[in-house]
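**Q** Data file entry33.txt (compact mmCIF, C-alpha atoms) is appended below.
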# COMPACT_ATOMS: atom_id res chain seq x y z
CA MET H 1 101.05 66.48 95.01
CA GLY H 2 104.73 66.47 94.07
CA GLU H 3 107.15 69.14 95.24
CA GLN H 4 107.80 70.38 91.70
CA THR H 5 104.06 70.66 91.05
CA ILE H 6 103.59 72.72 94.23
CA GLU H 7 106.47 75.05 93.33
CA LYS H 8 105.05 75.40 89.81
CA ALA H 9 101.68 76.41 91.30
CA TRP H 10 103.37 79.17 93.30
CA ARG H 11 105.33 80.37 90.27
CA GLN H 12 102.18 80.58 88.17
CA ALA H 13 100.28 82.36 90.94
CA LEU H 14 103.06 84.91 91.50
CA ASP H 15 103.56 85.51 87.78
CA GLY H 16 99.85 86.13 87.39
CA TYR H 17 99.90 88.40 90.44
CA ARG H 18 102.69 90.45 88.90
CA GLU H 19 100.68 90.96 85.71
CA TYR H 20 97.60 91.85 87.75
CA LEU H 21 99.48 94.51 89.73
CA ARG H 22 101.02 95.93 86.59
CA PHE H 23 98.11 96.01 84.18
CA GLU H 24 94.94 96.00 86.31
CA ARG H 25 96.16 97.91 89.36
CA GLY H 26 98.55 100.10 87.33
CA LEU H 27 101.15 100.16 90.11
CA SER H 28 104.70 101.43 89.75
CA ALA H 29 107.62 99.01 89.43
CA ASN H 30 108.72 99.73 93.01
CA SER H 31 105.25 99.04 94.40
CA ILE H 32 104.96 95.82 92.41
CA GLU H 33 108.27 94.55 93.77
CA ALA H 34 107.20 95.42 97.31
CA TYR H 35 103.96 93.44 96.97
CA LEU H 36 105.75 90.50 95.38
CA HIS H 37 108.37 90.55 98.13
CA ASP H 38 105.68 90.05 100.79
CA ALA H 39 103.98 87.29 98.81
CA GLY H 40 107.38 85.69 98.26
CA ARG H 41 108.03 85.61 102.01
CA LEU H 42 104.76 83.73 102.45
CA GLU H 43 105.77 81.30 99.68
CA SER H 44 109.13 80.60 101.38
CA PHE H 45 107.40 79.98 104.71
CA ILE H 46 104.80 77.62 103.26
CA LEU H 47 107.26 75.68 101.09
CA GLY H 48 109.70 75.43 103.98
CA GLY H 49 107.14 73.79 106.25
CA GLU H 50 106.69 70.12 107.00
CA ALA H 51 103.78 69.87 104.57
CA PRO H 52 104.26 72.25 101.60
CA LYS H 53 101.04 73.49 99.99
CA THR H 54 99.93 75.27 96.86
CA PRO H 55 98.52 78.80 97.24
CA ALA H 56 94.99 77.38 96.88
CA GLU H 57 95.58 75.07 99.85
CA VAL H 58 96.75 77.76 102.29
CA THR H 59 94.46 78.01 105.34
CA PRO H 60 93.85 80.77 107.91
CA ALA H 61 95.99 78.75 110.33
CA ASP H 62 98.86 78.84 107.81
CA VAL H 63 98.61 82.62 107.51
CA GLU H 64 98.49 82.99 111.29
CA GLY H 65 101.59 80.81 111.53
CA PHE H 66 103.31 82.96 108.94
CA MET H 67 102.47 86.16 110.83
CA ALA H 68 103.75 84.57 114.05
CA HIS H 69 106.95 83.80 112.16
CA ILE H 70 107.23 87.46 111.08
CA TYR H 71 106.69 88.54 114.69
CA ASP H 72 109.28 86.08 116.01
CA ARG H 73 111.85 87.56 113.65
CA GLY H 74 111.55 90.84 115.52
CA SER H 75 109.37 92.78 113.09
CA GLY H 76 107.49 95.70 114.60
CA ASP H 77 103.77 96.42 114.31
CA THR H 78 104.21 98.59 111.23
CA THR H 79 106.14 95.90 109.35
CA GLN H 80 103.68 93.19 110.41
CA ALA H 81 100.75 95.29 109.21
CA ARG H 82 102.47 95.97 105.88
CA VAL H 83 103.30 92.30 105.31
CA LEU H 84 99.75 91.23 106.15
CA SER H 85 98.42 93.87 103.75
CA GLY H 86 100.63 92.43 101.01
CA VAL H 87 99.47 88.87 101.73
CA ARG H 88 95.85 90.01 101.69
CA SER H 89 96.41 91.64 98.32
CA PHE H 90 97.89 88.40 96.95
CA PHE H 91 94.93 86.30 98.04
CA ALA H 92 92.48 88.96 96.83
CA TYR H 93 94.06 88.54 93.39
CA LEU H 94 93.70 84.75 93.59
CA LEU H 95 90.02 85.15 94.47
CA HIS H 96 89.58 87.67 91.66
CA ALA H 97 91.21 85.18 89.25
CA ASP H 98 88.97 82.33 90.49
CA ARG H 99 91.99 80.39 91.77
CA ILE H 100 90.59 80.14 95.29
CA ASP H 101 87.04 80.03 96.70
CA SER H 102 87.58 81.98 99.93
CA LEU H 103 90.12 84.28 101.57
CA PRO H 104 92.34 82.67 104.24
CA THR H 105 93.12 86.20 105.50
CA GLU H 106 89.54 87.31 106.03
CA LEU H 107 89.36 86.87 109.83
CA ILE H 108 92.95 87.81 110.66
CA ASP H 109 93.29 91.15 112.41
CA SER H 110 96.07 93.58 111.61
CA PRO H 111 98.33 94.78 114.44
CA LYS H 112 97.23 98.11 115.86
CA VAL H 113 99.65 100.66 114.48
CA ALA H 114 99.84 104.10 116.00
CA ARG H 115 99.46 106.74 113.32
CA LYS H 116 102.66 108.76 113.31
CA LEU H 117 102.07 112.39 112.54
CA PRO H 118 104.28 113.52 109.68
CA ASP H 119 107.10 115.94 110.42
CA THR H 120 106.44 119.44 109.16
CA LEU H 121 108.25 122.73 108.90
CA SER H 122 106.90 126.15 109.72
CA TYR H 123 106.52 128.61 106.88
CA ASP H 124 109.40 130.62 108.37
CA GLU H 125 111.67 127.55 108.25
CA ILE H 126 110.76 126.85 104.64
CA ARG H 127 111.30 130.51 103.73
CA ARG H 128 114.74 130.39 105.36
CA MET H 129 115.63 127.30 103.34
CA ILE H 130 114.54 128.91 100.08
CA ASP H 131 116.09 132.32 100.75
CA GLY H 132 119.32 130.72 101.94
CA ILE H 133 120.18 129.27 98.52
CA ASP H 134 123.05 131.12 96.87
CA LEU H 135 121.74 132.15 93.46
CA GLY H 136 125.23 133.17 92.42
CA ARG H 137 126.43 129.58 92.44
CA PRO H 138 126.02 127.25 89.45
CA LEU H 139 122.52 125.76 89.42
CA GLY H 140 121.49 127.94 92.36
CA HIS H 141 118.32 128.92 90.51
CA ARG H 142 117.63 125.24 89.82
CA ASN H 143 117.92 124.33 93.50
CA ARG H 144 115.70 127.21 94.56
CA ALA H 145 113.13 126.28 91.90
CA ILE H 146 113.17 122.69 93.19
CA LEU H 147 112.33 123.82 96.73
CA GLU H 148 109.68 126.24 95.50
CA VAL H 149 107.96 123.62 93.33
CA LEU H 150 108.10 120.89 95.99
CA TYR H 151 106.51 123.12 98.60
CA CYS H 152 104.11 125.09 96.38
CA CYS H 153 102.75 122.00 94.62
CA GLY H 154 103.13 119.33 97.33
CA LEU H 155 104.89 116.89 95.00
CA ARG H 156 106.38 113.52 95.80
CA VAL H 157 110.10 113.30 94.99
CA SER H 158 109.37 110.78 92.20
CA GLU H 159 106.88 113.21 90.69
CA LEU H 160 109.42 116.03 90.79
CA VAL H 161 112.26 114.16 89.06
CA ASN H 162 109.86 113.08 86.28
CA LEU H 163 108.39 116.54 85.76
CA ARG H 164 108.65 117.60 82.12
CA LEU H 165 108.90 120.95 80.38
CA SER H 166 105.66 120.08 78.62
CA ASP H 167 103.98 119.67 82.03
CA ILE H 168 104.37 123.37 82.90
CA PHE H 169 101.50 125.56 81.70
CA VAL H 170 102.66 129.08 82.43
CA GLU H 171 99.63 130.90 81.04
CA GLU H 172 97.21 128.82 83.10
CA GLY H 173 99.47 128.71 86.18
CA ILE H 174 99.19 124.92 86.55
CA VAL H 175 101.46 121.90 86.54
CA ARG H 176 100.50 118.48 85.17
CA VAL H 177 101.72 115.84 87.61
CA THR H 178 102.02 112.12 86.93
CA GLY H 179 101.56 110.32 90.24
CA LYS H 180 101.29 106.75 91.43
CA GLY H 181 99.87 104.33 88.90
CA ASP H 182 100.58 106.88 86.14
CA LYS H 183 97.53 108.87 87.26
CA GLU H 184 97.65 112.49 86.16
CA ARG H 185 96.43 115.48 88.13
CA LEU H 186 96.56 119.24 87.61
CA VAL H 187 98.04 121.32 90.43
CA PRO H 188 98.08 125.13 90.58
CA ILE H 189 101.55 126.65 90.94
CA ALA H 190 102.26 129.98 92.63
CA GLU H 191 103.65 132.85 90.59
CA THR H 192 106.74 132.99 92.81
CA ALA H 193 107.52 129.35 92.01
CA LEU H 194 106.91 129.95 88.30
CA ARG H 195 109.33 132.87 88.34
CA GLN H 196 112.01 130.66 89.88
CA VAL H 197 111.38 127.99 87.26
CA GLU H 198 111.71 130.59 84.50
CA CYS H 199 115.00 131.87 85.99
CA TYR H 200 116.29 128.30 86.04
CA LEU H 201 115.14 127.72 82.46
CA GLU H 202 117.33 130.62 81.32
CA GLN H 203 120.32 128.71 82.71
CA ARG H 204 119.06 125.41 81.36
CA ARG H 205 119.05 126.76 77.80
CA THR H 206 122.84 127.13 78.01
CA MET H 207 123.36 123.50 79.08
CA ALA H 208 124.24 120.52 76.93
CA VAL H 209 121.16 118.32 77.39
CA ALA H 210 121.20 114.56 76.85
CA ALA H 211 118.83 113.38 74.11
CA ASP H 212 116.79 111.18 76.49
CA SER H 213 116.31 114.11 78.91
CA SER H 214 115.36 116.85 76.44
CA ASP H 215 111.87 117.26 77.93
CA ILE H 216 112.86 116.71 81.59
CA LEU H 217 112.59 119.90 83.63
CA PHE H 218 115.24 119.50 86.34
CA LEU H 219 118.65 118.30 85.15
CA ASN H 220 122.04 117.62 86.71
CA GLN H 221 125.27 119.22 85.55
CA ARG H 222 125.63 116.57 82.83
CA GLY H 223 122.26 117.44 81.34
CA ARG H 224 120.48 114.34 82.60
CA ARG H 225 117.49 113.71 84.82
CA LEU H 226 118.17 114.24 88.53
CA THR H 227 118.08 111.22 90.82
CA ARG H 228 115.94 110.99 93.95
CA VAL H 229 119.15 110.84 96.00
CA MET H 230 120.30 114.17 94.59
CA ILE H 231 116.99 115.81 95.53
CA PHE H 232 117.38 114.51 99.10
CA THR H 233 120.92 115.94 99.17
CA ILE H 234 119.76 119.37 97.98
CA ILE H 235 117.02 119.46 100.63
CA ARG H 236 119.31 118.36 103.47
CA ARG H 237 121.97 120.92 102.56
CA SER H 238 119.39 123.68 102.35
CA ALA H 239 117.98 122.77 105.75
CA ALA H 240 121.44 122.70 107.33
CA ALA H 241 122.31 126.09 105.80
CA ALA H 242 119.06 127.48 107.27
CA GLY H 243 120.03 126.25 110.75
CA ILE H 244 117.29 123.62 110.89
CA SER H 245 118.41 120.71 113.06
CA LYS H 246 115.44 118.36 112.45
CA THR H 247 115.64 115.74 109.71
CA VAL H 248 114.22 117.24 106.53
CA SER H 249 113.39 115.35 103.33
CA PRO H 250 111.42 116.15 100.16
CA HIS H 251 108.42 114.51 101.83
CA THR H 252 108.72 116.99 104.70
CA LEU H 253 107.93 119.78 102.25
CA ARG H 254 104.95 117.78 100.95
CA HIS H 255 103.69 117.28 104.51
CA SER H 256 104.16 120.98 105.22
CA PHE H 257 102.25 121.91 102.04
CA ALA H 258 99.23 119.86 103.14
CA THR H 259 99.35 120.97 106.77
CA HIS H 260 99.61 124.66 105.92
CA LEU H 261 96.71 124.43 103.47
CA LEU H 262 94.45 122.81 106.05
CA GLN H 263 95.51 125.24 108.74
CA GLY H 264 94.57 128.02 106.34
CA GLY H 265 91.06 126.61 105.97
CA ALA H 266 91.36 124.56 102.76
CA ASP H 267 88.76 121.84 102.23
CA ILE H 268 90.19 118.38 102.92
CA ARG H 269 88.75 117.00 99.66
CA ALA H 270 90.59 119.69 97.72
CA VAL H 271 93.83 118.84 99.54
CA GLN H 272 93.24 115.17 98.72
CA GLU H 273 93.04 116.05 95.02
CA LEU H 274 96.13 118.25 95.16
CA LEU H 275 98.17 115.51 96.86
CA GLY H 276 96.91 112.77 94.55
CA HIS H 277 95.72 110.59 97.42
CA GLU H 278 93.46 107.77 96.33
CA SER H 279 91.79 107.57 99.75
CA ILE H 280 90.60 110.44 101.94
CA LEU H 281 91.86 108.45 104.94
CA THR H 282 95.43 109.10 103.83
CA THR H 283 94.78 112.84 103.76
CA GLU H 284 93.10 112.86 107.16
CA ILE H 285 96.42 112.34 108.92
CA TYR H 286 97.11 116.01 108.23
CA THR H 287 94.05 117.17 110.16
CA HIS H 288 95.82 116.84 113.51
CA LEU H 289 95.20 119.81 115.78
CA GLU H 290 96.71 120.91 119.05
CA LEU H 291 94.47 120.49 122.09
CA GLY H 292 94.33 124.26 122.42
CA ASP H 293 92.96 124.52 118.89
CA LEU H 294 90.29 121.95 119.70
CA ARG H 295 89.30 123.82 122.84
CA GLY H 296 89.14 127.02 120.84
CA ALA H 297 86.80 125.41 118.34
CA MET H 298 84.53 124.08 121.09
CA ARG H 299 84.08 127.58 122.52
CA LEU H 300 81.62 128.31 119.73
CA HIS H 301 79.57 125.13 120.25
CA PRO H 302 75.83 125.76 120.80
CA LEU H 303 75.90 123.84 124.08
CA ALA H 304 78.39 126.23 125.65
CA GLY H 305 76.78 128.32 128.41
CA ASP H 306 75.31 131.68 127.37
CA ASP H 307 77.78 133.72 129.39
CA GLU H 308 80.69 131.59 128.29
CA ARG H 309 79.53 131.61 124.67
CA GLU H 310 79.33 135.42 124.69
CA ASN H 311 82.88 135.60 126.06
CA ARG H 312 84.03 133.06 123.50
CA MET H 313 82.49 135.05 120.67
CA LEU H 314 84.38 138.14 121.86
CA ASP H 315 87.56 136.06 121.94
CA ALA H 316 86.84 134.91 118.39
CA ASP H 317 86.29 138.50 117.24
CA ASP H 318 89.66 139.48 118.69
CA TYR H 319 91.29 136.55 116.90
CA MET H 320 89.71 137.44 113.57
CA GLY H 321 90.91 141.05 113.88
CA VAL H 322 87.44 142.59 114.38
CA ASN H 323 88.68 144.83 117.19
CA GLU H 324 91.91 145.94 115.53
Would you put the structure from the file into structure tokens?

**A**
Amino acid sequence: MGEQTIEKAWRQALDGYREYLRFERGLSANSIEAYLHDAGRLESFILGGEAPKTPAEVTPADVEGFMAHIYDRGSGDTTQARVLSGVRSFFAYLLHADRIDSLPTELIDSPKVARKLPDTLSYDEIRRMIDGIDLGRPLGHRNRAILEVLYCCGLRVSELVNLRLSDIFVEEGIVRVTGKGDKERLVPIAETALRQVECYLEQRRTMAVAADSSDILFLNQRGRRLTRVMIFTIIRRSAAAAGISKTVSPHTLRHSFATHLLQGGADIRAVQELLGHESILTTEIYTHLELGDLRGAMRLHPLAGDDERENRMLDADDYMGVNE
């Protein structure tokens, strides 16, 4: 098969993959580009080899060679796992589109990646960040409302910057959130956060708002939608003013939202819905507990000795405030 024919086969496969990710998977533009980037790296590797092949001709050995190439370039386990996931997605599309008969990635194992627990803040740290905002400064109420909404609703930064006035239902106390893949979910919002939003809206009514941002909730000084970078800046400045030395991002507030809910006894399925996670496995990362907490839970296990169990039950009563 000629070189031009092989390259044409890749172009057709990648173009079809793009449409599949956009229309059938409903992914965001950023996610689509990330998936295409990984598939494009595989294309470059295969076409740069001694015997270029079409996507349909790629074998498990070719994929293993590609992953060895990624490893040799110094990529860590996390990057290797992400790239392999992208390649698997590409070939899954080809199988779905009847362009291949079997998956060349089926028997290839992903690198073992340690699950990194997300950074979180204590409630006291978050309170210090919120209370530390100077409401006397221009857009002070906006910045405080941003922190309140991020933490109270557990939003992603992309969800926050796209939040619309029409998404706030004050009477019902809920916010309509458009998440990944344009999937909508309803999230309750605390009265304190709603009050901050209403204080900000009083200021917003005095602003000159750009026509294309008339329904956008949080605006910059020019009356336009805030950027993700600006949200990061607001969060970092608030953390620094509160004397918090750890690295804090909008996602830190989202992590803290989930962790605090679970620590308070919320059902993990409910937290999954609030966060907009497609898989429960993503939410389970927040169920990390300290060893002491695990030992405390085991004290009430039926197999604990009678004497020990009685002591443990007394300990539990003290903890729950029975003896106060």

**Q** Rounded to one decimal, what separation in Å do you get between atom CA of His277 of chain H and atom CA of Asp182 of chain H?

**A** 12.8 Å

**Q** Counting all atoms listed in the file, which residues come within 10 Å of (101.7, 129.7, 96.1), with the point read in the file's coordinates, and could you list them as a list in words?

**A**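 Applying the cut-off with all atoms listed in the file, one gets Glu148, Val149, Tyr151, Cys152, Cys153, Pro188, Ile189, Ala190, Glu191, Thr192, Ala193, Leu194 and Phe257 of chain H.
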
**Q** Export, as a PDB file, keeping the file's coordinate frame, the selected residues with C-alpha atoms.

**A**
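Resulting contents of part_17.pdb:
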ATOM      1  CA  GLU H 148     109.680 126.240  95.500  1.00  0.00           C
ATOM      2  CA  VAL H 149     107.960 123.620  93.330  1.00  0.00           C
ATOM      3  CA  TYR H 151     106.510 123.120  98.600  1.00  0.00           C
ATOM      4  CA  CYS H 152     104.110 125.090  96.380  1.00  0.00           C
ATOM      5  CA  CYS H 153     102.750 122.000  94.620  1.00  0.00           C
ATOM      6  CA  PRO H 188      98.080 125.130  90.580  1.00  0.00           C
ATOM      7  CA  ILE H 189     101.550 126.650  90.940  1.00  0.00           C
ATOM      8  CA  ALA H 190     102.260 129.980  92.630  1.00  0.00           C
ATOM      9  CA  GLU H 191     103.650 132.850  90.590  1.00  0.00           C
ATOM     10  CA  THR H 192     106.740 132.990  92.810  1.00  0.00           C
ATOM     11  CA  ALA H 193     107.520 129.350  92.010  1.00  0.00           C
ATOM     12  CA  LEU H 194     106.910 129.950  88.300  1.00  0.00           C
ATOM     13  CA  PHE H 257     102.250 121.910 102.040  1.00  0.00           C
TER      14      PHE H 257
END

**Q** So that I can check the surroundings of Leu42 of chain H, please list as a ChimeraX atom specification every protein, DNA and RNA residue that reaches within 12 Å of it, counting only C-alpha atoms and ignoring chain neighbours fewer than 2 positions away.

**A** /H:10,14,35-40,44-49,52-55,58,62-70,83-84,86-88,90-91

**Q** State, in Å with one decimal place, the distance from atom CA of Ala241 of chain H to atom CA of Leu150 of chain H.

**A** 18.0 Å

**Q** In Å, with one decimal, what is the gap from atom CA of Ile32 of chain H to atom CA of Arg18 of chain H?

**A**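 Answer for the atom CA of Ile32 of chain H to atom CA of Arg18 of chain H separation: 6.8 Å.
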
**Q** Would you mind telling me which residue in H:Gly173, H:Ala270, H:Ser110, H:Met129 lies nearest to Gln80 of chain H when using all atoms listed in the file?

**A**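 Among the listed residues, the smallest separation from Gln80 of chain H belongs to H:Ser110.
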
**Q** Which residue is closest to Ala92 of chain H? Choose from H:Phe23, H:Arg41, H:Pro138, H:Ala13 and count all atoms listed in the file.

**A**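 Comparing H:Phe23, H:Arg41, H:Pro138, H:Ala13 against Ala92 of chain H, the winner is H:Ala13.
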
**Q** Using all atoms listed in the file, which of the listed residues (H:Leu253, H:Ile174, H:Ile216, H:Ala145) sits closest to Glu125 of chain H?

**A** H:Leu253

**Q** Kindly indicate which residue among H:Asn220, H:Asn143, H:Ser85, H:Thr78 lies nearest to Cys199 of chain H, using only C-alpha atoms for the distances.

**A**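 Of H:Asn220, H:Asn143, H:Ser85, H:Thr78, the one nearest Cys199 of chain H, counting only C-alpha atoms, is H:Asn143.
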
**Q** Quick one: of H:Arg99, H:Gly276, H:Gly140, H:Glu198, who's nearest to Arg176 of chain H, counting all atoms listed in the file?

**A**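 Of H:Arg99, H:Gly276, H:Gly140, H:Glu198, the one nearest Arg176 of chain H is H:Gly276, counting all atoms listed in the file.
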
**Q** Within 12 Å of Thr247 of chain H, counting only C-alpha atoms, which residues show up once you throw out same-chain ones fewer than 6 positions away? Write them as a PyMOL selection string, please.

**A** chain H and resi 118-121+232-233+235-240+253

**Q** Can you spit out the residues from that selection as a compact mmCIF listing (two decimals), in the frame of the given file, using C-alpha atoms?

**A**
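Wrote out.txt, looks like this:
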# COMPACT_ATOMS: atom_id res chain seq x y z
CA PRO H 118 104.28 113.52 109.68
CA ASP H 119 107.10 115.94 110.42
CA THR H 120 106.44 119.44 109.16
CA LEU H 121 108.25 122.73 108.90
CA PHE H 232 117.38 114.51 99.10
CA THR H 233 120.92 115.94 99.17
CA ILE H 235 117.02 119.46 100.63
CA ARG H 236 119.31 118.36 103.47
CA ARG H 237 121.97 120.92 102.56
CA SER H 238 119.39 123.68 102.35
CA ALA H 239 117.98 122.77 105.75
CA ALA H 240 121.44 122.70 107.33
CA LEU H 253 107.93 119.78 102.25

**Q** Using only C-alpha atoms, which of H:Gln272, H:Glu43, H:Ser214, H:Ala258 sits nearest Glu7 of chain H?

**A**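 Going through H:Gln272, H:Glu43, H:Ser214, H:Ala258 one by one, the smallest distance to Glu7 of chain H is for H:Glu43.
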
**Q** I need segment 87-108 of chain H from the structure I supplied, saved as a PDB file, in the first residue's frame with N, CA, C and O atoms retained.

**A**
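Ended up saving to decode05.pdb:
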ATOM      1  N   VAL H  87      -5.265   5.661  23.502  1.00  0.00           N
ATOM      2  CA  VAL H  87      -5.089   4.736  22.377  1.00  0.00           C
ATOM      3  C   VAL H  87      -6.189   3.676  22.396  1.00  0.00           C
ATOM      4  O   VAL H  87      -6.737   3.290  21.349  1.00  0.00           O
ATOM      5  N   ARG H  88      -6.513   3.200  23.602  1.00  0.00           N
ATOM      6  CA  ARG H  88      -7.599   2.224  23.714  1.00  0.00           C
ATOM      7  C   ARG H  88      -8.917   2.814  23.213  1.00  0.00           C
ATOM      8  O   ARG H  88      -9.696   2.139  22.539  1.00  0.00           O
ATOM      9  N   SER H  89      -9.160   4.067  23.569  1.00  0.00           N
ATOM     10  CA  SER H  89     -10.388   4.724  23.130  1.00  0.00           C
ATOM     11  C   SER H  89     -10.438   4.820  21.612  1.00  0.00           C
ATOM     12  O   SER H  89     -11.496   4.609  20.997  1.00  0.00           O
ATOM     13  N   PHE H  90      -9.298   5.119  20.990  1.00  0.00           N
ATOM     14  CA  PHE H  90      -9.232   5.234  19.533  1.00  0.00           C
ATOM     15  C   PHE H  90      -9.581   3.907  18.867  1.00  0.00           C
ATOM     16  O   PHE H  90     -10.404   3.859  17.938  1.00  0.00           O
ATOM     17  N   PHE H  91      -8.989   2.817  19.364  1.00  0.00           N
ATOM     18  CA  PHE H  91      -9.259   1.524  18.747  1.00  0.00           C
ATOM     19  C   PHE H  91     -10.672   1.024  19.087  1.00  0.00           C
ATOM     20  O   PHE H  91     -11.279   0.300  18.294  1.00  0.00           O
ATOM     21  N   ALA H  92     -11.190   1.421  20.231  1.00  0.00           N
ATOM     22  CA  ALA H  92     -12.577   1.069  20.559  1.00  0.00           C
ATOM     23  C   ALA H  92     -13.524   1.718  19.555  1.00  0.00           C
ATOM     24  O   ALA H  92     -14.525   1.116  19.143  1.00  0.00           O
ATOM     25  N   TYR H  93     -13.207   2.956  19.157  1.00  0.00           N
ATOM     26  CA  TYR H  93     -14.011   3.617  18.122  1.00  0.00           C
ATOM     27  C   TYR H  93     -13.926   2.854  16.805  1.00  0.00           C
ATOM     28  O   TYR H  93     -14.946   2.642  16.137  1.00  0.00           O
ATOM     29  N   LEU H  94     -12.702   2.470  16.416  1.00  0.00           N
ATOM     30  CA  LEU H  94     -12.531   1.752  15.145  1.00  0.00           C
ATOM     31  C   LEU H  94     -13.319   0.443  15.144  1.00  0.00           C
ATOM     32  O   LEU H  94     -13.907   0.055  14.121  1.00  0.00           O
ATOM     33  N   LEU H  95     -13.342  -0.241  16.300  1.00  0.00           N
ATOM     34  CA  LEU H  95     -14.114  -1.479  16.399  1.00  0.00           C
ATOM     35  C   LEU H  95     -15.603  -1.165  16.315  1.00  0.00           C
ATOM     36  O   LEU H  95     -16.366  -1.867  15.618  1.00  0.00           O
ATOM     37  N   HIS H  96     -16.016  -0.107  16.993  1.00  0.00           N
ATOM     38  CA  HIS H  96     -17.416   0.324  16.977  1.00  0.00           C
ATOM     39  C   HIS H  96     -17.857   0.683  15.552  1.00  0.00           C
ATOM     40  O   HIS H  96     -19.015   0.432  15.170  1.00  0.00           O
ATOM     41  N   ALA H  97     -16.927   1.247  14.768  1.00  0.00           N
ATOM     42  CA  ALA H  97     -17.242   1.673  13.395  1.00  0.00           C
ATOM     43  C   ALA H  97     -16.996   0.568  12.374  1.00  0.00           C
ATOM     44  O   ALA H  97     -17.061   0.822  11.163  1.00  0.00           O
ATOM     45  N   ASP H  98     -16.699  -0.643  12.855  1.00  0.00           N
ATOM     46  CA  ASP H  98     -16.442  -1.802  11.988  1.00  0.00           C
ATOM     47  C   ASP H  98     -15.245  -1.587  11.068  1.00  0.00           C
ATOM     48  O   ASP H  98     -15.204  -2.101   9.939  1.00  0.00           O
ATOM     49  N   ARG H  99     -14.262  -0.819  11.540  1.00  0.00           N
ATOM     50  CA  ARG H  99     -13.046  -0.614  10.749  1.00  0.00           C
ATOM     51  C   ARG H  99     -11.952  -1.604  11.110  1.00  0.00           C
ATOM     52  O   ARG H  99     -10.964  -1.725  10.392  1.00  0.00           O
ATOM     53  N   ILE H 100     -12.098  -2.261  12.265  1.00  0.00           N
ATOM     54  CA  ILE H 100     -11.176  -3.324  12.652  1.00  0.00           C
ATOM     55  C   ILE H 100     -11.993  -4.482  13.207  1.00  0.00           C
ATOM     56  O   ILE H 100     -13.159  -4.310  13.596  1.00  0.00           O
ATOM     57  N   ASP H 101     -11.391  -5.666  13.277  1.00  0.00           N
ATOM     58  CA  ASP H 101     -12.097  -6.860  13.752  1.00  0.00           C
ATOM     59  C   ASP H 101     -11.772  -7.193  15.197  1.00  0.00           C
ATOM     60  O   ASP H 101     -12.523  -7.920  15.856  1.00  0.00           O
ATOM     61  N   SER H 102     -10.644  -6.694  15.703  1.00  0.00           N
ATOM     62  CA  SER H 102     -10.251  -6.984  17.081  1.00  0.00           C
ATOM     63  C   SER H 102      -9.429  -5.825  17.628  1.00  0.00           C
ATOM     64  O   SER H 102      -8.915  -4.994  16.856  1.00  0.00           O
ATOM     65  N   LEU H 103      -9.293  -5.774  18.937  1.00  0.00           N
ATOM     66  CA  LEU H 103      -8.573  -4.686  19.589  1.00  0.00           C
ATOM     67  C   LEU H 103      -7.110  -5.059  19.820  1.00  0.00           C
ATOM     68  O   LEU H 103      -6.823  -6.014  20.538  1.00  0.00           O
ATOM     69  N   PRO H 104      -6.175  -4.310  19.242  1.00  0.00           N
ATOM     70  CA  PRO H 104      -4.754  -4.596  19.480  1.00  0.00           C
ATOM     71  C   PRO H 104      -4.303  -4.181  20.883  1.00  0.00           C
ATOM     72  O   PRO H 104      -3.161  -4.443  21.267  1.00  0.00           O
ATOM     73  N   THR H 105      -5.182  -3.548  21.638  1.00  0.00           N
ATOM     74  CA  THR H 105      -4.834  -3.089  22.993  1.00  0.00           C
ATOM     75  C   THR H 105      -5.394  -4.003  24.076  1.00  0.00           C
ATOM     76  O   THR H 105      -5.167  -3.769  25.263  1.00  0.00           O
ATOM     77  N   GLU H 106      -6.114  -5.037  23.677  1.00  0.00           N
ATOM     78  CA  GLU H 106      -6.904  -5.816  24.625  1.00  0.00           C
ATOM     79  C   GLU H 106      -6.062  -6.452  25.733  1.00  0.00           C
ATOM     80  O   GLU H 106      -6.475  -6.498  26.899  1.00  0.00           O
ATOM     81  N   LEU H 107      -4.888  -6.968  25.403  1.00  0.00           N
ATOM     82  CA  LEU H 107      -4.080  -7.702  26.381  1.00  0.00           C
ATOM     83  C   LEU H 107      -2.931  -6.879  26.950  1.00  0.00           C
ATOM     84  O   LEU H 107      -2.054  -7.418  27.627  1.00  0.00           O
ATOM     85  N   ILE H 108      -2.930  -5.591  26.709  1.00  0.00           N
ATOM     86  CA  ILE H 108      -1.851  -4.731  27.197  1.00  0.00           C
ATOM     87  C   ILE H 108      -2.259  -4.113  28.525  1.00  0.00           C
ATOM     88  O   ILE H 108      -3.300  -3.461  28.627  1.00  0.00           O
TER      89      ILE H 108
END
